[in-house]
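Everything below concerns the one structure shown next.
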Amino acid sequence: MSVASSRKILQVAARAFVCPGFASGGNPVTVFLPLGDSNTALSSLERSKLAKTCEWESVIAHRPNGDGTSLQKDNLPRFHFYMPSGEEVSFCAHAAIGACAILAEQDALNKGSDSIIRTFSFQTSDGSLRTATVSGNEAELVLDTVLEEKAIDDKITMDKIMFEVGLSNNEHVTDEKYPWHINSSIARPKTLVPISSIEKLHSATNPKDAGLFRTLCDSIDSTGIYLYSPCNPVDGESGANSDRHCFECRQFPRASGYPEDPATGIAAGALASSLLRRGVGNHGEIFEFYQGTIMGRRSKINIRFGVEGGEEKGSGDDPIRMYCSGMVEITSRSVIINNMV
């Protein structure tokens, strides 16, 4: 007969990729940090149950030993990323950004310090190693990835997908430098569609039939549709002839428990990589992606590429060193009791 026990868990809510000057911006994430015996990890069932209590993505962070400054794998924090459905996914950029900022702040609180400047490593559930730097309320992830692209030739399905979100397939940009009707992936495939104007972009609607939209996405092996349109920086400076490349974006996920995503780091990273491949921007320049505007959750995702990439432009199977950053705002923290069996 099993014996029930309980465990204290620190639950911290935050918003990642917050756009400066916009209240309630950013993508919500909840981070769960088990307290007490740090060597005892939560089971997958326990993690899934916690995730289902959240409206948005969550991270269950396990810290077996050490604080992440050591590169010994056994000492690194392990992040488990979850959708609100309880489904575990391999990686989620905004959730990782939020979790890193929360861990850094927690370490500073434990040391009685007001300064939050940390560089540490963590591992994901599949064993991949990631590095993040946190300075104040901004966190930056270092991602060594390979860009994968696949053209979508099924025009009929794309017509249906665009109709589902209230747009016509004729409302895209035809400039060849802007990738369109391709699945672009640095982690999970996102379908890129450039829209002719920000007004048209903001006229898109949530999918009319969530079940049909999921089926259509499955038929083209996509995890979501990423619509984008060139724009000026939010501070009003012109993006022309500068080292800033700015885009307004919207992401309608295949099936995540919500119809639209206010900030999607892996989609922004995929779009930036595909743009770089086509000669838009250079290594070391900044790509800025604004998202969630129509939702009232204005977000800002910064992407840049290391100069160590030379002139390869992320072509072929060459790894891309990408830096993904954004501001994080912690909104609440509490200790909950998790009953285990």
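Scheme for the structure tokens: letters A, B, ... for chains in order shown; per-chain residue numbers from 1; ligand numbers from 1 in order shown.
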
**OP:** Name the residues of region 128-292 of chain A that fall into alpha helix (DSSP H) according to DSSP on the backbone, using the chain letters and numbers of this document, as a ChimeraX atom specification.
**Re:** /A:155-164,198-202,210-219,265-277

For the selection you just gave me, I'd like the residues written to a file as a short mmCIF file (atom, residue, chain, number, x, y, z; two decimals), in the first residue's frame, keeping N, CA, C and O atoms.
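Output saved as result23.cif:
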```cif
data_model
loop_
_atom_site.label_atom_id
_atom_site.label_comp_id
_atom_site.auth_asym_id
_atom_site.auth_seq_id
_atom_site.Cartn_x
_atom_site.Cartn_y
_atom_site.Cartn_z
N LYS A 155 -0.53 24.38 -51.76
CA LYS A 155 -1.19 25.68 -51.74
C LYS A 155 -2.62 25.58 -51.21
O LYS A 155 -3.11 26.49 -50.52
N ILE A 156 -3.29 24.49 -51.50
CA ILE A 156 -4.68 24.33 -51.04
C ILE A 156 -4.74 24.33 -49.52
O ILE A 156 -5.59 25.01 -48.92
N THR A 157 -3.83 23.60 -48.88
CA THR A 157 -3.81 23.56 -47.42
C THR A 157 -3.45 24.92 -46.85
O THR A 157 -4.04 25.37 -45.86
N MET A 158 -2.48 25.61 -47.47
CA MET A 158 -2.12 26.94 -46.99
C MET A 158 -3.29 27.91 -47.14
O MET A 158 -3.51 28.76 -46.27
N ASP A 159 -4.06 27.79 -48.22
CA ASP A 159 -5.25 28.62 -48.38
C ASP A 159 -6.22 28.39 -47.22
O ASP A 159 -6.79 29.33 -46.67
N LYS A 160 -6.40 27.13 -46.86
CA LYS A 160 -7.32 26.79 -45.77
C LYS A 160 -6.81 27.31 -44.43
O LYS A 160 -7.59 27.79 -43.60
N ILE A 161 -5.51 27.21 -44.21
CA ILE A 161 -4.92 27.70 -42.96
C ILE A 161 -5.11 29.21 -42.84
O ILE A 161 -5.50 29.72 -41.78
N MET A 162 -4.83 29.92 -43.93
CA MET A 162 -4.99 31.37 -43.90
C MET A 162 -6.45 31.76 -43.70
O MET A 162 -6.76 32.72 -42.98
N PHE A 163 -7.37 31.01 -44.30
CA PHE A 163 -8.79 31.28 -44.10
C PHE A 163 -9.17 31.08 -42.64
O PHE A 163 -9.98 31.84 -42.09
N GLU A 164 -8.58 30.07 -41.99
CA GLU A 164 -8.88 29.80 -40.59
C GLU A 164 -8.54 30.98 -39.69
O GLU A 164 -9.19 31.21 -38.68
N ILE A 198 1.12 45.84 -41.47
CA ILE A 198 0.82 45.59 -40.06
C ILE A 198 -0.69 45.61 -39.83
O ILE A 198 -1.22 44.85 -39.01
N GLU A 199 -1.40 46.46 -40.60
CA GLU A 199 -2.86 46.50 -40.47
C GLU A 199 -3.48 45.15 -40.82
O GLU A 199 -4.38 44.66 -40.11
N LYS A 200 -3.02 44.55 -41.92
CA LYS A 200 -3.52 43.23 -42.30
C LYS A 200 -3.12 42.18 -41.26
O LYS A 200 -3.91 41.30 -40.92
N LEU A 201 -1.91 42.29 -40.76
CA LEU A 201 -1.43 41.36 -39.74
C LEU A 201 -2.34 41.39 -38.52
O LEU A 201 -2.74 40.35 -37.98
N HIS A 202 -2.70 42.60 -38.08
CA HIS A 202 -3.52 42.75 -36.89
C HIS A 202 -5.00 42.43 -37.14
O HIS A 202 -5.77 42.32 -36.18
N ALA A 210 -10.68 25.13 -34.02
CA ALA A 210 -9.39 24.71 -33.45
C ALA A 210 -9.00 23.30 -33.88
O ALA A 210 -7.83 23.03 -34.16
N GLY A 211 -9.99 22.40 -33.97
CA GLY A 211 -9.70 21.03 -34.37
C GLY A 211 -9.23 20.95 -35.81
O GLY A 211 -8.27 20.24 -36.14
N LEU A 212 -9.90 21.68 -36.70
CA LEU A 212 -9.51 21.69 -38.11
C LEU A 212 -8.15 22.34 -38.27
O LEU A 212 -7.31 21.86 -39.06
N PHE A 213 -7.91 23.44 -37.55
CA PHE A 213 -6.62 24.13 -37.64
C PHE A 213 -5.49 23.18 -37.24
O PHE A 213 -4.44 23.14 -37.89
N ARG A 214 -5.70 22.41 -36.19
CA ARG A 214 -4.68 21.44 -35.75
C ARG A 214 -4.44 20.40 -36.84
O ARG A 214 -3.29 20.06 -37.14
N THR A 215 -5.50 19.90 -37.46
CA THR A 215 -5.37 18.90 -38.52
C THR A 215 -4.60 19.47 -39.71
O THR A 215 -3.74 18.79 -40.29
N LEU A 216 -4.92 20.71 -40.08
CA LEU A 216 -4.23 21.34 -41.20
C LEU A 216 -2.74 21.53 -40.90
O LEU A 216 -1.88 21.29 -41.76
N CYS A 217 -2.42 21.97 -39.67
CA CYS A 217 -1.01 22.11 -39.29
C CYS A 217 -0.30 20.76 -39.32
O CYS A 217 0.84 20.66 -39.79
N ASP A 218 -0.96 19.73 -38.83
CA ASP A 218 -0.37 18.39 -38.85
C ASP A 218 -0.06 17.94 -40.27
O ASP A 218 0.95 17.27 -40.53
N SER A 219 -0.93 18.32 -41.21
CA SER A 219 -0.76 17.85 -42.59
C SER A 219 0.46 18.47 -43.27
O SER A 219 0.95 17.94 -44.27
N GLY A 265 9.80 32.55 -28.62
CA GLY A 265 11.24 32.68 -28.85
C GLY A 265 11.76 31.79 -29.96
O GLY A 265 12.57 32.23 -30.79
N ILE A 266 11.31 30.52 -30.02
CA ILE A 266 11.85 29.62 -31.05
C ILE A 266 11.33 30.00 -32.43
O ILE A 266 12.01 29.76 -33.43
N ALA A 267 10.14 30.60 -32.51
CA ALA A 267 9.63 31.06 -33.80
C ALA A 267 10.41 32.30 -34.26
O ALA A 267 10.79 32.42 -35.43
N ALA A 268 10.65 33.24 -33.33
CA ALA A 268 11.45 34.43 -33.66
C ALA A 268 12.86 34.03 -34.07
O ALA A 268 13.42 34.58 -35.02
N GLY A 269 13.43 33.06 -33.37
CA GLY A 269 14.77 32.59 -33.71
C GLY A 269 14.81 31.94 -35.07
O GLY A 269 15.77 32.13 -35.85
N ALA A 270 13.76 31.16 -35.41
CA ALA A 270 13.70 30.53 -36.72
C ALA A 270 13.56 31.57 -37.82
O ALA A 270 14.23 31.50 -38.86
N LEU A 271 12.69 32.56 -37.60
CA LEU A 271 12.52 33.62 -38.60
C LEU A 271 13.80 34.41 -38.78
O LEU A 271 14.22 34.68 -39.92
N ALA A 272 14.46 34.78 -37.69
CA ALA A 272 15.72 35.52 -37.81
C ALA A 272 16.75 34.71 -38.58
O ALA A 272 17.48 35.26 -39.42
N SER A 273 16.82 33.42 -38.32
CA SER A 273 17.79 32.55 -39.01
C SER A 273 17.49 32.47 -40.50
O SER A 273 18.41 32.51 -41.34
N SER A 274 16.21 32.35 -40.85
CA SER A 274 15.84 32.28 -42.26
C SER A 274 16.07 33.61 -42.96
O SER A 274 16.45 33.65 -44.14
N LEU A 275 15.83 34.71 -42.25
CA LEU A 275 16.13 36.03 -42.83
C LEU A 275 17.62 36.19 -43.07
O LEU A 275 18.06 36.65 -44.13
N LEU A 276 18.42 35.80 -42.09
CA LEU A 276 19.88 35.90 -42.21
C LEU A 276 20.37 35.08 -43.40
O LEU A 276 21.25 35.52 -44.15
N ARG A 277 19.80 33.90 -43.59
CA ARG A 277 20.18 33.04 -44.70
C ARG A 277 19.92 33.72 -46.05
O ARG A 277 20.65 33.47 -47.02
#
```

Original post:
In Å to one decimal, how far is CA of Ile286 (chain A) from CA of Tyr82 (chain A)?
Top reply: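 So the two atoms, CA of Tyr82 (chain A) and CA of Ile286 (chain A), lie 29.1 Å apart.
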
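In this comparison, which uses only C-alpha atoms, the residue of A:Leu50, A:Leu192, A:Thr40, A:Thr119 approaching Leu141 (chain A) most closely is A:Thr119.
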
Original post:
Quick one: DSSP strand (DSSP E or B) residues in region 119-331 of chain A, as a ChimeraX atom specification?
Top reply: /A:119-124,129-135,138-145,148-151,172,182-185,190-195,224-230,244-253,261,286-291,299-305,320-331

Subject >> Residue nearest Gly284 (chain A) - candidates A:Val328, A:Thr145, A:Pro259, A:His245, atoms counted: only C-alpha atoms >> reply: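 Among the listed residues, the smallest separation from Gly284 (chain A) belongs to A:His245.
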
Original post:
So which one's closest to Arg188 (chain A), A:Asn75, A:Ser48, A:Thr223, A:Thr133? Using only C-alpha atoms, please.
Top reply: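 Among the listed residues, A:Thr223 lies closest to Arg188 (chain A).
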
Subject >> Asn302 (chain A) surroundings by only C-alpha atoms, 7 Å radius, close-in-sequence under 3 positions cut, as JSON, numbers by chain >> reply: {"A": [286, 287, 288, 289, 324, 325, 326]}

Just N, CA, C and O atoms for this one: save the residues we selected as a short mmCIF file (atom, residue, chain, number, x, y, z; two decimals), in the first residue's frame.
```
data_model
loop_
_atom_site.label_atom_id
_atom_site.label_comp_id
_atom_site.auth_asym_id
_atom_site.auth_seq_id
_atom_site.Cartn_x
_atom_site.Cartn_y
_atom_site.Cartn_z
N ILE A 286 21.10 43.31 -34.69
CA ILE A 286 19.98 42.96 -33.83
C ILE A 286 18.71 42.76 -34.65
O ILE A 286 18.36 43.59 -35.50
N PHE A 287 18.04 41.65 -34.39
CA PHE A 287 16.69 41.42 -34.90
C PHE A 287 15.73 41.60 -33.73
O PHE A 287 15.89 40.98 -32.68
N GLU A 288 14.73 42.48 -33.91
CA GLU A 288 13.75 42.73 -32.86
C GLU A 288 12.38 42.27 -33.35
O GLU A 288 11.92 42.67 -34.42
N PHE A 289 11.72 41.44 -32.53
CA PHE A 289 10.42 40.91 -32.88
C PHE A 289 9.40 41.33 -31.83
O PHE A 289 9.57 41.02 -30.64
N CYS A 324 19.42 34.83 -27.70
CA CYS A 324 18.01 35.19 -27.58
C CYS A 324 17.79 35.85 -26.22
O CYS A 324 18.06 35.24 -25.18
N SER A 325 17.33 37.11 -26.21
CA SER A 325 17.24 37.82 -24.94
C SER A 325 15.93 38.58 -24.81
O SER A 325 15.23 38.85 -25.79
N GLY A 326 15.63 38.94 -23.57
CA GLY A 326 14.44 39.72 -23.29
C GLY A 326 14.34 40.05 -21.82
O GLY A 326 15.06 39.50 -20.98
#
```

Subject >> Residue nearest Gly292 (chain A) among A:Glu46, A:Glu148, A:Glu329, A:Glu248 (counting only C-alpha atoms) >> reply: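 Under the stated criterion, the closest residue is A:Glu248.
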
Subject >> Pairwise distance for CA of Ser6 (chain A) and CA of Ile336 (chain A), rounded to one decimal in Å >> reply: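 We find that CA of Ser6 (chain A) and CA of Ile336 (chain A) lie 10.0 Å from each other.
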
Original post:
How far is it from CA of Gln291 (chain A) to CA of Ile320 (chain A), in Å with one decimal?
Top reply: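 Computing the Euclidean distance for CA of Gln291 (chain A) and CA of Ile320 (chain A) yields 23.4 Å.
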
Original post:
Leaving out Val29 (chain A) and any residue of its chain fewer than 2 positions from it, which residues lie within 8 Å of it when counting only C-alpha atoms, given as a ChimeraX atom specification?
Top reply: /A:13-16,27,31,56-59,94-95,98

With N, CA and C atoms retained, could you export that selection as a short mmCIF file (atom, residue, chain, number, x, y, z; two decimals), in the first residue's frame?
```cif
data_model
loop_
_atom_site.label_atom_id
_atom_site.label_comp_id
_atom_site.auth_asym_id
_atom_site.auth_seq_id
_atom_site.Cartn_x
_atom_site.Cartn_y
_atom_site.Cartn_z
N ALA A 13 5.52 33.14 -10.46
CA ALA A 13 4.94 33.55 -11.73
C ALA A 13 5.71 34.73 -12.30
N ALA A 14 5.89 34.73 -13.61
CA ALA A 14 6.64 35.82 -14.26
C ALA A 14 6.10 36.02 -15.67
N ARG A 15 6.54 37.11 -16.28
CA ARG A 15 6.27 37.36 -17.69
C ARG A 15 7.61 37.58 -18.39
N ALA A 16 7.84 36.83 -19.45
CA ALA A 16 9.11 36.90 -20.17
C ALA A 16 8.94 37.64 -21.50
N ASN A 27 5.13 37.20 -22.12
CA ASN A 27 4.49 35.88 -22.14
C ASN A 27 4.54 35.27 -20.75
N VAL A 31 7.10 29.00 -12.78
CA VAL A 31 8.26 28.16 -12.47
C VAL A 31 8.04 27.52 -11.10
N TRP A 56 -0.71 29.00 -18.82
CA TRP A 56 0.32 29.13 -19.84
C TRP A 56 1.43 28.12 -19.55
N GLU A 57 2.55 28.21 -20.29
CA GLU A 57 3.64 27.26 -20.10
C GLU A 57 4.22 27.33 -18.69
N SER A 58 4.84 26.24 -18.30
CA SER A 58 5.47 26.17 -16.98
C SER A 58 6.80 25.43 -17.08
N VAL A 59 7.62 25.64 -16.05
CA VAL A 59 8.91 24.96 -15.94
C VAL A 59 8.99 24.35 -14.55
N HIS A 94 10.80 31.23 -24.03
CA HIS A 94 10.34 32.22 -23.05
C HIS A 94 10.29 31.62 -21.65
N ALA A 95 9.97 30.34 -21.56
CA ALA A 95 9.95 29.68 -20.25
C ALA A 95 11.36 29.54 -19.69
N GLY A 98 12.47 32.98 -18.46
CA GLY A 98 11.85 33.26 -17.17
C GLY A 98 12.46 32.47 -16.04
#
```
